[in-house]
>>> print(open('protein_35.cif').read())   # mmCIF, C-alpha atoms
data_run
#
loop_
_atom_site.group_PDB
_atom_site.id
_atom_site.type_symbol
_atom_site.label_atom_id
_atom_site.label_comp_id
_atom_site.auth_asym_id
_atom_site.auth_seq_id
_atom_site.Cartn_x
_atom_site.Cartn_y
_atom_site.Cartn_z
ATOM 1 C CA MET A 1 -15.459 5.213 2.647
ATOM 2 C CA TYR A 2 -13.154 7.573 4.516
ATOM 3 C CA PRO A 3 -14.723 9.283 7.516
ATOM 4 C CA GLU A 4 -12.931 12.462 6.445
ATOM 5 C CA PHE A 5 -14.598 12.292 3.094
ATOM 6 C CA GLU A 6 -18.023 11.831 4.647
ATOM 7 C CA LYS A 7 -17.439 14.886 6.787
ATOM 8 C CA THR A 8 -16.340 17.033 3.844
ATOM 9 C CA TYR A 9 -19.268 15.798 1.822
ATOM 10 C CA ARG A 10 -21.807 16.715 4.478
ATOM 11 C CA SER A 11 -20.359 20.133 5.200
ATOM 12 C CA TYR A 12 -19.739 21.332 1.648
ATOM 13 C CA TYR A 13 -22.721 19.809 -0.123
ATOM 14 C CA PRO A 14 -25.205 22.667 0.460
ATOM 15 C CA LYS A 15 -22.687 25.347 -0.536
ATOM 16 C CA LEU A 16 -21.703 23.610 -3.751
ATOM 17 C CA PHE A 17 -25.283 22.746 -4.512
ATOM 18 C CA ARG A 18 -26.228 26.422 -4.399
ATOM 19 C CA ILE A 19 -23.481 27.293 -6.887
ATOM 20 C CA ALA A 20 -24.419 24.468 -9.242
ATOM 21 C CA ALA A 21 -28.141 25.268 -9.032
ATOM 22 C CA LYS A 22 -27.470 28.904 -9.889
ATOM 23 C CA MET A 23 -25.290 27.917 -12.811
ATOM 24 C CA LEU A 24 -27.553 25.257 -14.257
ATOM 25 C CA LYS A 25 -30.941 26.592 -13.187
ATOM 26 C CA ALA A 26 -32.155 23.042 -12.557
ATOM 27 C CA THR A 27 -31.930 21.214 -9.270
ATOM 28 C CA GLU A 28 -31.677 17.706 -10.710
ATOM 29 C CA ASP A 29 -28.781 18.686 -12.948
ATOM 30 C CA ALA A 30 -27.123 20.401 -10.019
ATOM 31 C CA LYS A 31 -27.364 17.177 -8.000
ATOM 32 C CA ASP A 32 -25.695 15.255 -10.809
ATOM 33 C CA VAL A 33 -22.880 17.758 -11.058
ATOM 34 C CA ILE A 34 -22.230 17.731 -7.333
ATOM 35 C CA GLN A 35 -22.196 13.941 -7.374
ATOM 36 C CA ASP A 36 -19.523 14.096 -10.072
ATOM 37 C CA VAL A 37 -17.528 16.648 -8.129
ATOM 38 C CA PHE A 38 -17.448 14.498 -5.013
ATOM 39 C CA ALA A 39 -16.661 11.384 -7.020
ATOM 40 C CA ALA A 40 -13.660 13.238 -8.472
ATOM 41 C CA TYR A 41 -12.725 14.404 -4.982
ATOM 42 C CA TYR A 42 -12.965 10.848 -3.682
ATOM 43 C CA PHE A 43 -10.635 9.573 -6.409
ATOM 44 C CA ALA A 44 -8.227 12.417 -5.768
ATOM 45 C CA MET A 45 -8.188 11.491 -2.086
ATOM 46 C CA SER A 46 -7.750 7.781 -2.684
ATOM 47 C CA ASN A 47 -4.884 8.519 -5.089
ATOM 48 C CA GLU A 48 -3.356 10.661 -2.339
ATOM 49 C CA LYS A 49 -3.338 13.709 -4.542
ATOM 50 C CA VAL A 50 -2.329 16.834 -2.671
ATOM 51 C CA ILE A 51 -5.235 19.259 -2.424
ATOM 52 C CA ARG A 52 -3.996 22.457 -0.873
ATOM 53 C CA ASP A 53 -7.326 24.158 -0.293
ATOM 54 C CA THR A 54 -10.269 21.766 -0.162
ATOM 55 C CA LYS A 55 -12.925 24.461 -0.408
ATOM 56 C CA ASN A 56 -11.373 26.185 -3.417
ATOM 57 C CA TRP A 57 -10.739 22.844 -5.080
ATOM 58 C CA LEU A 58 -14.362 21.819 -4.670
ATOM 59 C CA VAL A 59 -15.777 25.166 -5.790
ATOM 60 C CA ARG A 60 -13.520 25.268 -8.843
ATOM 61 C CA SER A 61 -14.400 21.692 -9.674
ATOM 62 C CA THR A 62 -18.116 22.495 -9.367
ATOM 63 C CA ILE A 63 -17.768 25.466 -11.698
ATOM 64 C CA ASN A 64 -15.796 23.535 -14.295
ATOM 65 C CA LYS A 65 -18.109 20.559 -14.222
ATOM 66 C CA GLY A 66 -21.112 22.888 -14.308
ATOM 67 C CA ILE A 67 -19.775 24.603 -17.431
ATOM 68 C CA ASP A 68 -19.078 21.215 -19.026
ATOM 69 C CA TYR A 69 -22.573 20.047 -18.198
ATOM 70 C CA LYS A 70 -24.056 23.218 -19.651
ATOM 71 C CA ARG A 71 -22.134 22.818 -22.887
ATOM 72 C CA LYS A 72 -23.153 19.195 -23.162
ATOM 73 C CA THR A 73 -26.833 19.910 -22.635
ATOM 74 C CA ALA A 74 -26.832 23.212 -24.548
ATOM 75 C CA ARG A 75 -29.162 21.829 -27.196
ATOM 76 C CA ILE A 76 -31.649 20.389 -24.774
ATOM 77 C CA VAL A 77 -34.203 22.938 -23.653
ATOM 78 C CA THR A 78 -35.243 22.358 -20.073
ATOM 79 C CA MET A 79 -38.811 23.038 -19.145
ATOM 80 C CA GLU A 80 -38.055 23.511 -15.465
ATOM 81 C CA SER A 81 -39.264 27.006 -14.639
ATOM 82 C CA PRO A 82 -37.901 29.139 -11.809
ATOM 83 C CA LEU A 83 -39.509 28.496 -8.462
ATOM 84 C CA PRO A 84 -42.759 30.299 -7.743
ATOM 85 C CA ASP A 85 -42.572 33.475 -5.727
ATOM 86 C CA THR A 86 -45.248 35.356 -3.849
ATOM 87 C CA ASN A 87 -44.585 38.723 -5.454
ATOM 88 C CA GLU A 88 -45.518 38.642 -9.120
ATOM 89 C CA ASN A 89 -43.810 41.898 -9.941
ATOM 90 C CA PHE A 90 -40.577 40.702 -8.467
ATOM 91 C CA GLN A 91 -40.952 37.418 -10.327
ATOM 92 C CA ASP A 92 -40.975 39.253 -13.662
ATOM 93 C CA GLU A 93 -37.957 41.287 -12.722
ATOM 94 C CA ALA A 94 -36.102 38.239 -11.502
ATOM 95 C CA SER A 95 -36.720 36.294 -14.669
ATOM 96 C CA ASP A 96 -35.543 39.316 -16.687
ATOM 97 C CA ILE A 97 -32.332 39.389 -14.724
ATOM 98 C CA LEU A 98 -31.829 35.621 -15.024
ATOM 99 C CA ASN A 99 -32.442 35.905 -18.739
ATOM 100 C CA ALA A 100 -29.830 38.649 -18.968
ATOM 101 C CA ILE A 101 -27.340 36.494 -17.061
ATOM 102 C CA ASP A 102 -27.880 33.751 -19.629
ATOM 103 C CA HIS A 103 -26.551 36.112 -22.290
ATOM 104 C CA LEU A 104 -23.243 36.628 -20.490
ATOM 105 C CA ASN A 105 -20.271 34.462 -21.349
ATOM 106 C CA GLU A 106 -19.194 31.559 -19.138
ATOM 107 C CA LYS A 107 -16.535 33.495 -17.244
ATOM 108 C CA GLU A 108 -18.884 36.363 -16.515
ATOM 109 C CA GLN A 109 -21.599 33.975 -15.381
ATOM 110 C CA THR A 110 -19.154 32.300 -13.033
ATOM 111 C CA LEU A 111 -18.214 35.656 -11.532
ATOM 112 C CA VAL A 112 -21.860 36.604 -11.046
ATOM 113 C CA VAL A 113 -22.662 33.316 -9.336
ATOM 114 C CA LEU A 114 -19.691 33.544 -6.988
ATOM 115 C CA TYR A 115 -20.466 37.188 -6.264
ATOM 116 C CA SER A 116 -24.077 36.372 -5.450
ATOM 117 C CA GLU A 117 -22.891 33.628 -3.113
ATOM 118 C CA GLY A 118 -21.159 36.307 -1.080
ATOM 119 C CA TYR A 119 -17.565 35.362 -1.806
ATOM 120 C CA SER A 120 -15.063 38.128 -1.198
ATOM 121 C CA TYR A 121 -13.021 39.559 -4.062
ATOM 122 C CA LYS A 122 -9.976 37.712 -2.777
ATOM 123 C CA GLU A 123 -11.797 34.363 -2.772
ATOM 124 C CA ILE A 124 -13.252 34.988 -6.230
ATOM 125 C CA ALA A 125 -9.778 35.847 -7.509
ATOM 126 C CA GLU A 126 -8.348 32.648 -6.046
ATOM 127 C CA ILE A 127 -11.082 30.461 -7.477
ATOM 128 C CA THR A 128 -11.176 31.983 -10.950
ATOM 129 C CA GLY A 129 -7.466 32.724 -11.220
ATOM 130 C CA ARG A 130 -8.027 36.414 -11.848
ATOM 131 C CA ASN A 131 -6.241 39.383 -10.441
ATOM 132 C CA CYS A 132 -7.740 40.406 -7.099
ATOM 133 C CA HIS A 133 -7.619 44.109 -8.006
ATOM 134 C CA SER A 134 -9.551 43.705 -11.235
ATOM 135 C CA ILE A 135 -12.565 41.969 -9.713
ATOM 136 C CA GLY A 136 -14.339 45.200 -8.680
ATOM 137 C CA LYS A 137 -13.997 46.723 -12.115
ATOM 138 C CA THR A 138 -15.054 43.531 -13.883
ATOM 139 C CA LEU A 139 -18.075 43.139 -11.629
ATOM 140 C CA SER A 140 -19.271 46.697 -12.214
ATOM 141 C CA ARG A 141 -18.925 46.117 -15.954
ATOM 142 C CA ILE A 142 -20.896 42.890 -15.779
ATOM 143 C CA LEU A 143 -23.657 44.563 -13.744
ATOM 144 C CA ASP A 144 -23.806 47.301 -16.377
ATOM 145 C CA LYS A 145 -24.135 44.697 -19.088
ATOM 146 C CA ILE A 146 -27.033 43.065 -17.247
ATOM 147 C CA LYS A 147 -28.721 46.440 -16.727
ATOM 148 C CA LYS A 148 -28.398 47.288 -20.409
ATOM 149 C CA HIS A 149 -29.859 43.949 -21.377
ATOM 150 C CA ILE A 150 -32.902 44.467 -19.181
ATOM 151 C CA LEU A 151 -33.640 47.910 -20.577
ATOM 152 C CA MET B 1 -12.320 64.804 -3.952
ATOM 153 C CA LYS B 2 -13.138 63.712 -7.485
ATOM 154 C CA HIS B 3 -16.338 61.845 -8.333
ATOM 155 C CA LEU B 4 -16.213 58.137 -7.696
ATOM 156 C CA ASN B 5 -15.584 55.769 -10.574
ATOM 157 C CA ASP B 6 -17.500 52.561 -11.197
ATOM 158 C CA LYS B 7 -14.829 50.321 -9.763
ATOM 159 C CA THR B 8 -14.652 52.284 -6.523
ATOM 160 C CA ILE B 9 -18.425 52.307 -6.183
ATOM 161 C CA GLN B 10 -18.579 48.553 -6.718
ATOM 162 C CA SER B 11 -15.787 47.890 -4.232
ATOM 163 C CA TYR B 12 -17.418 50.265 -1.770
ATOM 164 C CA ILE B 13 -20.814 48.551 -1.809
ATOM 165 C CA ASP B 14 -19.114 45.162 -1.553
ATOM 166 C CA ASN B 15 -17.161 46.355 1.465
ATOM 167 C CA GLU B 16 -13.837 45.583 -0.159
ATOM 168 C CA LEU B 17 -12.000 48.824 0.533
ATOM 169 C CA PRO B 18 -9.565 49.567 3.342
ATOM 170 C CA GLU B 19 -10.949 51.577 6.289
ATOM 171 C CA SER B 20 -9.225 54.841 5.385
ATOM 172 C CA GLU B 21 -10.621 54.821 1.869
ATOM 173 C CA LYS B 22 -14.077 53.903 3.125
ATOM 174 C CA LYS B 23 -14.113 56.910 5.448
ATOM 175 C CA ALA B 24 -13.039 59.251 2.675
ATOM 176 C CA ILE B 25 -15.788 57.953 0.415
ATOM 177 C CA ALA B 26 -18.418 58.207 3.137
ATOM 178 C CA SER B 27 -17.567 61.871 3.689
ATOM 179 C CA HIS B 28 -17.616 62.486 -0.067
ATOM 180 C CA LEU B 29 -21.048 60.895 -0.338
ATOM 181 C CA GLU B 30 -22.408 63.292 2.259
ATOM 182 C CA GLU B 31 -21.503 66.206 0.025
ATOM 183 C CA CYS B 32 -22.047 64.776 -3.443
ATOM 184 C CA LEU B 33 -25.598 63.851 -4.329
ATOM 185 C CA LEU B 34 -24.672 62.469 -7.743
ATOM 186 C CA CYS B 35 -22.252 59.917 -6.344
ATOM 187 C CA LYS B 36 -24.666 59.064 -3.574
ATOM 188 C CA GLN B 37 -27.391 58.281 -6.079
ATOM 189 C CA LYS B 38 -25.003 56.165 -8.096
ATOM 190 C CA VAL B 39 -23.979 54.198 -5.034
ATOM 191 C CA GLU B 40 -27.573 53.666 -3.962
ATOM 192 C CA SER B 41 -28.725 52.483 -7.379
ATOM 193 C CA GLN B 42 -25.747 50.167 -7.771
ATOM 194 C CA ARG B 43 -26.361 48.711 -4.318
ATOM 195 C CA ALA B 44 -30.050 48.220 -5.077
ATOM 196 C CA PHE B 45 -29.251 46.517 -8.346
ATOM 197 C CA ALA B 46 -26.674 44.217 -6.785
ATOM 198 C CA ASP B 47 -29.243 43.218 -4.161
ATOM 199 C CA LYS B 48 -31.815 42.577 -6.848
ATOM 200 C CA LEU B 49 -29.343 40.427 -8.749
ATOM 201 C CA LYS B 50 -28.590 38.351 -5.675
ATOM 202 C CA LYS B 51 -32.287 37.926 -4.889
ATOM 203 C CA SER B 52 -33.077 36.897 -8.458
ATOM 204 C CA LEU B 53 -30.443 34.189 -8.363
ATOM 205 C CA GLU B 54 -31.752 33.124 -4.970
ATOM 206 C CA THR B 55 -35.059 32.119 -6.614
ATOM 207 C CA LEU B 56 -33.218 29.247 -8.272
ATOM 208 C CA ILE B 57 -32.420 27.662 -4.945
ATOM 209 C CA PRO B 58 -35.024 25.297 -3.470
ATOM 210 C CA ASP B 59 -36.167 26.049 0.062
ATOM 211 C CA ASP B 60 -34.604 23.030 1.673
ATOM 212 C CA ILE B 61 -31.415 21.443 0.476
ATOM 213 C CA THR B 62 -31.238 17.851 1.610
ATOM 214 C CA VAL B 63 -27.887 16.150 1.447
ATOM 215 C CA PRO B 64 -28.391 12.786 -0.257
ATOM 216 C CA GLU B 65 -26.264 9.748 0.587
ATOM 217 C CA PHE B 66 -23.135 9.766 -1.479
ATOM 218 C CA SER B 67 -22.948 7.147 -4.174
ATOM 219 C CA PHE B 68 -20.826 6.772 -7.254
ATOM 220 C CA ARG B 69 -23.903 6.095 -9.249
ATOM 221 C CA ARG B 70 -25.687 9.040 -10.743
ATOM 222 C CA THR B 71 -29.025 9.969 -9.297
ATOM 223 C CA THR B 72 -30.925 10.797 -12.459
ATOM 224 C CA ARG B 73 -29.930 10.308 -16.048
ATOM 225 C CA PRO B 74 -26.744 8.517 -16.930
ATOM 226 C CA GLU B 75 -23.987 10.380 -18.651
ATOM 227 C CA VAL B 76 -23.788 9.756 -22.378
ATOM 228 C CA ASN B 77 -20.395 10.060 -23.945
ATOM 229 C CA VAL B 78 -21.329 10.989 -27.503
ATOM 230 C CA THR B 79 -17.816 10.909 -28.971
ATOM 231 C CA ARG B 80 -17.096 7.495 -27.550
ATOM 232 C CA ILE B 81 -20.348 6.088 -28.879
ATOM 233 C CA ALA B 82 -19.625 7.585 -32.311
ATOM 234 C CA ILE B 83 -16.125 6.073 -32.417
ATOM 235 C CA ILE B 84 -17.293 2.650 -31.255
ATOM 236 C CA SER B 85 -20.223 2.492 -33.657
ATOM 237 C CA SER B 86 -18.168 3.612 -36.664
ATOM 238 C CA LEU B 87 -15.472 1.067 -35.836
ATOM 239 C CA ALA B 88 -18.109 -1.639 -35.503
ATOM 240 C CA THR B 89 -19.572 -0.723 -38.892
ATOM 241 C CA ALA B 90 -16.140 -0.817 -40.512
ATOM 242 C CA CYS B 91 -15.439 -4.247 -38.999
ATOM 243 C CA ALA B 92 -18.806 -5.587 -40.153
ATOM 244 C CA ILE B 93 -18.216 -4.384 -43.710
ATOM 245 C CA ALA B 94 -14.732 -5.903 -43.768
ATOM 246 C CA LEU B 95 -16.085 -9.200 -42.459
ATOM 247 C CA ILE B 96 -18.878 -9.320 -45.033
ATOM 248 C CA MET B 97 -16.411 -8.647 -47.847
ATOM 249 C CA LEU B 98 -14.087 -11.362 -46.570
ATOM 250 C CA VAL B 99 -16.861 -13.963 -46.355
ATOM 251 C CA PHE B 100 -18.124 -13.004 -49.791
ATOM 252 C CA ASN B 101 -14.657 -13.415 -51.246
ATOM 253 C CA LEU B 102 -14.185 -16.828 -49.689
ATOM 254 C CA LEU B 103 -17.585 -18.130 -50.745
ATOM 255 C CA SER B 104 -17.440 -17.003 -54.347
ATOM 256 C CA LYS B 105 -16.085 -19.719 -56.666
ATOM 257 C CA PRO B 106 -12.607 -19.309 -58.052
ATOM 258 C CA LYS B 107 -12.627 -17.812 -61.487
ATOM 259 C CA PRO B 108 -12.025 -20.378 -64.229
ATOM 260 C CA ASN B 109 -8.867 -19.969 -66.168
ATOM 261 C CA PRO B 110 -9.831 -18.807 -69.668
ATOM 262 C CA ALA B 111 -6.996 -20.854 -71.161
ATOM 263 C CA ASP B 112 -8.871 -24.058 -70.247
ATOM 264 C CA PHE B 113 -11.506 -23.357 -72.845
ATOM 265 C CA ILE B 114 -9.281 -22.679 -75.755
ATOM 266 C CA PHE B 115 -9.250 -25.640 -78.067
ATOM 267 C CA ASP B 116 -7.532 -25.788 -81.302
ATOM 268 C CA TYR B 117 -10.347 -27.294 -83.338
ATOM 269 C CA TYR B 118 -8.052 -28.359 -86.119
ATOM 270 C CA THR B 119 -6.235 -30.869 -83.901
ATOM 271 C CA ILE B 120 -9.389 -32.705 -82.889
ATOM 272 C CA GLU B 121 -10.328 -35.606 -85.090
ATOM 273 C CA ASP B 122 -13.977 -35.877 -84.190
ATOM 274 C CA TYR B 123 -14.739 -32.214 -84.539
ATOM 275 C CA ASP B 124 -17.893 -31.981 -86.590
ATOM 276 C CA ALA B 125 -18.079 -28.709 -88.395
ATOM 277 C CA ASN B 126 -21.800 -29.175 -89.017
ATOM 278 C CA LYS B 127 -22.715 -29.151 -85.354
ATOM 279 C CA PRO B 128 -23.084 -26.034 -83.223
ATOM 280 C CA SER B 129 -20.289 -25.568 -80.729
ATOM 281 C CA ALA B 130 -22.519 -26.482 -77.822
ATOM 282 C CA GLU B 131 -23.058 -29.978 -79.205
ATOM 283 C CA GLN B 132 -19.461 -30.799 -79.995
ATOM 284 C CA ASP B 133 -18.131 -33.838 -78.203
ATOM 285 C CA PHE B 134 -14.680 -33.234 -76.887
ATOM 286 C CA ALA B 135 -14.544 -36.298 -74.690
ATOM 287 C CA GLU B 136 -11.871 -38.032 -76.674
ATOM 288 C CA PHE B 137 -9.818 -34.921 -76.961
ATOM 289 C CA LYS B 138 -9.935 -34.431 -73.266
ATOM 290 C CA MET B 139 -8.909 -38.002 -72.642
ATOM 291 C CA ARG B 140 -5.978 -37.665 -74.942
ATOM 292 C CA LEU B 141 -5.020 -34.481 -73.260
ATOM 293 C CA GLN B 142 -4.745 -36.303 -69.974
ATOM 294 C CA THR B 143 -2.843 -39.381 -71.142
ATOM 295 C CA GLU B 144 -0.461 -38.323 -73.846
ATOM 296 C CA GLU B 145 0.103 -34.675 -73.505
ATOM 297 C CA THR B 146 3.143 -34.478 -75.679
ATOM 298 C CA ASP B 147 1.459 -36.171 -78.603
ATOM 299 C CA ILE B 148 -1.037 -33.519 -79.344
ATOM 300 C CA ASN B 149 -0.484 -32.092 -82.681
ATOM 301 C CA LEU B 150 -0.636 -28.448 -82.128
#
>>> encode(input="protein_35.cif", output="structure tokens")
Amino acid sequence: MYPEFEKTYRSYYPKLFRIAAKMLKATEDAKDVIQDVFAAYYFAMSNEKVIRDTKNWLVRSTINKGIDYKRKTARIVTMESPLPDTNENFQDEASDILNAIDHLNEKEQTLVVLYSEGYSYKEIAEITGRNCHSIGKTLSRILDKIKKHIL
Amino acid sequence: MKHLNDKTIQSYIDNELPESEKKAIASHLEECLLCKQKVESQRAFADKLKKSLETLIPDDITVPEFSFRRTTRPEVNVTRIAIISSLATACAIALIMLVFNLLSKPKPNPADFIFDYYTIEDYDANKPSAEQDFAEFKMRLQTEETDINL
């Protein structure tokens, strides 16, 4: 195992895990996806593939593999409920919002997850391959959609 | 200044606007209550959205040792399984048909059973066909083929 790889793995794991967990809503599935992502990264490294931006590569890979995983397990209903929270009122609201996010399409869900992870518009544009200037507009539209779904 | 549009509000709350624009908006918000309310509600909703998604994250994220093996359930490649199993079925059917063909006896040639009764001397017209004795005829057939009076 390359020491470089080990270092990348340790430093990026939590970040990628958060993205995968938000996408899949299940921690075990998220672990699987991240494992796949790093396996792919390992092969890319050992084949001396040129990866220009490691972070973007990993995030994009996580998103793509997460979407694949979701499609594959679309028919299986998971019984893993969201984690318990102290405030019951907030819990209801949160599950409403998460439910509304489920009704968005894959691209919109990806944007929401990246946005909630605090990525800047420029980073989101780079990862998703969108135009940097359209991110603000798209986000406001997606938020509107979520609001309408809750009402 | 005109009222703010949705895109500008979103970019403003996400801190994605250049300084000059930010200042202009801040001064507009001091005068315009409508835009201010819009900004506040959008900011509150964005926060709520982020917090809701945060509930999906466990409190402590431990980094497991990296291994190529999957931690939980193995991946099932449905298409590959379908292709392999259908190919296997096709092969099995082909094999069964082949074996059946080889084992079944060769079909007798119908011409072997055609006798011209009139050429056989010991043909007894009073006996049923099952009891006819063709032994001599057969013998003759083997020894002197050309002599048969057809």
>>> atom_distance(input="protein_35.cif", atom1="atom CA of A:Leu151", atom2="atom CA of B:Phe45")
13.1 Å
>>> atom_distance(input="protein_35.cif", atom1="atom CA of B:Ile61", atom2="atom CA of A:Thr27")
9.8 Å
>>> interface_residues(input="protein_35.cif", of="chain B", to="chain A", cutoff="6 Å", atoms="all atoms listed in the file", output="PDB file with C-alpha atoms, in the frame of the given file")
ATOM      1  CA  LYS B   7     -14.829  50.321  -9.763  1.00  0.00           C
ATOM      2  CA  GLN B  10     -18.579  48.553  -6.718  1.00  0.00           C
ATOM      3  CA  SER B  11     -15.787  47.890  -4.232  1.00  0.00           C
ATOM      4  CA  LYS B  50     -28.590  38.351  -5.675  1.00  0.00           C
ATOM      5  CA  SER B  52     -33.077  36.897  -8.458  1.00  0.00           C
ATOM      6  CA  LEU B  56     -33.218  29.247  -8.272  1.00  0.00           C
TER       7      LEU B  56
END
>>> closest_residue(input="protein_35.cif", among="B:Val78, B:Ile9, B:Leu53, B:Cys35", to="A:Leu114", atoms="all atoms listed in the file")
B:Leu53
>>> residues_around(input="protein_35.cif", residues="B:Lys38", least_positions_apart="6", cutoff="10 Å", atoms="all atoms listed in the file", output="ChimeraX atom specification")
/B:4-6,9,29,44
>>> atom_distance(input="protein_35.cif", atom1="atom CA of A:Ala44", atom2="atom CA of A:Lys107")
25.4 Å
>>> closest_residue(input="protein_35.cif", among="B:Val99, B:Val63, B:Ile13, B:Ala24", to="B:Asp47", atoms="only C-alpha atoms")
B:Ile13
>>> axis_aligned_box(input="protein_35.cif", around="stretch 64-75 of chain A", padding_each_side="4 Å", output="JSON")
{"center_x": -22.5, "center_y": 21.9, "center_z": -20.7, "size_x": 21.4, "size_y": 13.4, "size_z": 21.0}
>>> decode(input="protein_35.cif", residues="stretch 28-46 of chain A", atoms="N, CA and C atoms", output="PDB file, in the first residue's frame")
ATOM      1  N   GLU A  28     -24.321   2.342   6.627  1.00  0.00           N
ATOM      2  CA  GLU A  28     -23.632   1.138   6.141  1.00  0.00           C
ATOM      3  C   GLU A  28     -23.418   1.219   4.630  1.00  0.00           C
ATOM      4  N   ASP A  29     -24.462   1.671   3.934  1.00  0.00           N
ATOM      5  CA  ASP A  29     -24.345   1.826   2.484  1.00  0.00           C
ATOM      6  C   ASP A  29     -23.269   2.850   2.148  1.00  0.00           C
ATOM      7  N   ALA A  30     -23.248   3.917   2.927  1.00  0.00           N
ATOM      8  CA  ALA A  30     -22.254   4.966   2.687  1.00  0.00           C
ATOM      9  C   ALA A  30     -20.848   4.393   2.820  1.00  0.00           C
ATOM     10  N   LYS A  31     -20.642   3.543   3.823  1.00  0.00           N
ATOM     11  CA  LYS A  31     -19.326   2.924   4.022  1.00  0.00           C
ATOM     12  C   LYS A  31     -18.933   2.106   2.797  1.00  0.00           C
ATOM     13  N   ASP A  32     -19.893   1.343   2.300  1.00  0.00           N
ATOM     14  CA  ASP A  32     -19.626   0.524   1.104  1.00  0.00           C
ATOM     15  C   ASP A  32     -19.207   1.386  -0.069  1.00  0.00           C
ATOM     16  N   VAL A  33     -19.959   2.471  -0.266  1.00  0.00           N
ATOM     17  CA  VAL A  33     -19.675   3.342  -1.409  1.00  0.00           C
ATOM     18  C   VAL A  33     -18.282   3.945  -1.295  1.00  0.00           C
ATOM     19  N   ILE A  34     -17.950   4.407  -0.099  1.00  0.00           N
ATOM     20  CA  ILE A  34     -16.639   5.026   0.089  1.00  0.00           C
ATOM     21  C   ILE A  34     -15.529   3.997  -0.146  1.00  0.00           C
ATOM     22  N   GLN A  35     -15.775   2.788   0.290  1.00  0.00           N
ATOM     23  CA  GLN A  35     -14.800   1.712   0.070  1.00  0.00           C
ATOM     24  C   GLN A  35     -14.554   1.537  -1.432  1.00  0.00           C
ATOM     25  N   ASP A  36     -15.656   1.553  -2.178  1.00  0.00           N
ATOM     26  CA  ASP A  36     -15.551   1.433  -3.645  1.00  0.00           C
ATOM     27  C   ASP A  36     -14.775   2.601  -4.237  1.00  0.00           C
ATOM     28  N   VAL A  37     -15.077   3.780  -3.743  1.00  0.00           N
ATOM     29  CA  VAL A  37     -14.425   4.983  -4.272  1.00  0.00           C
ATOM     30  C   VAL A  37     -12.915   4.881  -4.078  1.00  0.00           C
ATOM     31  N   PHE A  38     -12.514   4.485  -2.873  1.00  0.00           N
ATOM     32  CA  PHE A  38     -11.069   4.415  -2.613  1.00  0.00           C
ATOM     33  C   PHE A  38     -10.424   3.245  -3.339  1.00  0.00           C
ATOM     34  N   ALA A  39     -11.177   2.177  -3.549  1.00  0.00           N
ATOM     35  CA  ALA A  39     -10.628   1.076  -4.344  1.00  0.00           C
ATOM     36  C   ALA A  39     -10.359   1.564  -5.768  1.00  0.00           C
ATOM     37  N   ALA A  40     -11.322   2.328  -6.316  1.00  0.00           N
ATOM     38  CA  ALA A  40     -11.145   2.879  -7.666  1.00  0.00           C
ATOM     39  C   ALA A  40      -9.962   3.837  -7.691  1.00  0.00           C
ATOM     40  N   TYR A  41      -9.835   4.621  -6.628  1.00  0.00           N
ATOM     41  CA  TYR A  41      -8.726   5.582  -6.545  1.00  0.00           C
ATOM     42  C   TYR A  41      -7.396   4.836  -6.481  1.00  0.00           C
ATOM     43  N   TYR A  42      -7.380   3.750  -5.740  1.00  0.00           N
ATOM     44  CA  TYR A  42      -6.158   2.953  -5.602  1.00  0.00           C
ATOM     45  C   TYR A  42      -5.741   2.404  -6.970  1.00  0.00           C
ATOM     46  N   PHE A  43      -6.711   1.880  -7.711  1.00  0.00           N
ATOM     47  CA  PHE A  43      -6.396   1.325  -9.034  1.00  0.00           C
ATOM     48  C   PHE A  43      -5.916   2.425  -9.973  1.00  0.00           C
ATOM     49  N   ALA A  44      -6.570   3.577  -9.868  1.00  0.00           N
ATOM     50  CA  ALA A  44      -6.161   4.700 -10.722  1.00  0.00           C
ATOM     51  C   ALA A  44      -4.719   5.087 -10.417  1.00  0.00           C
ATOM     52  N   MET A  45      -4.384   5.068  -9.129  1.00  0.00           N
ATOM     53  CA  MET A  45      -3.011   5.424  -8.729  1.00  0.00           C
ATOM     54  C   MET A  45      -2.019   4.375  -9.209  1.00  0.00           C
ATOM     55  N   SER A  46      -2.378   3.097  -9.022  1.00  0.00           N
ATOM     56  CA  SER A  46      -1.421   2.055  -9.391  1.00  0.00           C
ATOM     57  C   SER A  46      -1.285   1.945 -10.915  1.00  0.00           C
TER      58      SER A  46
END
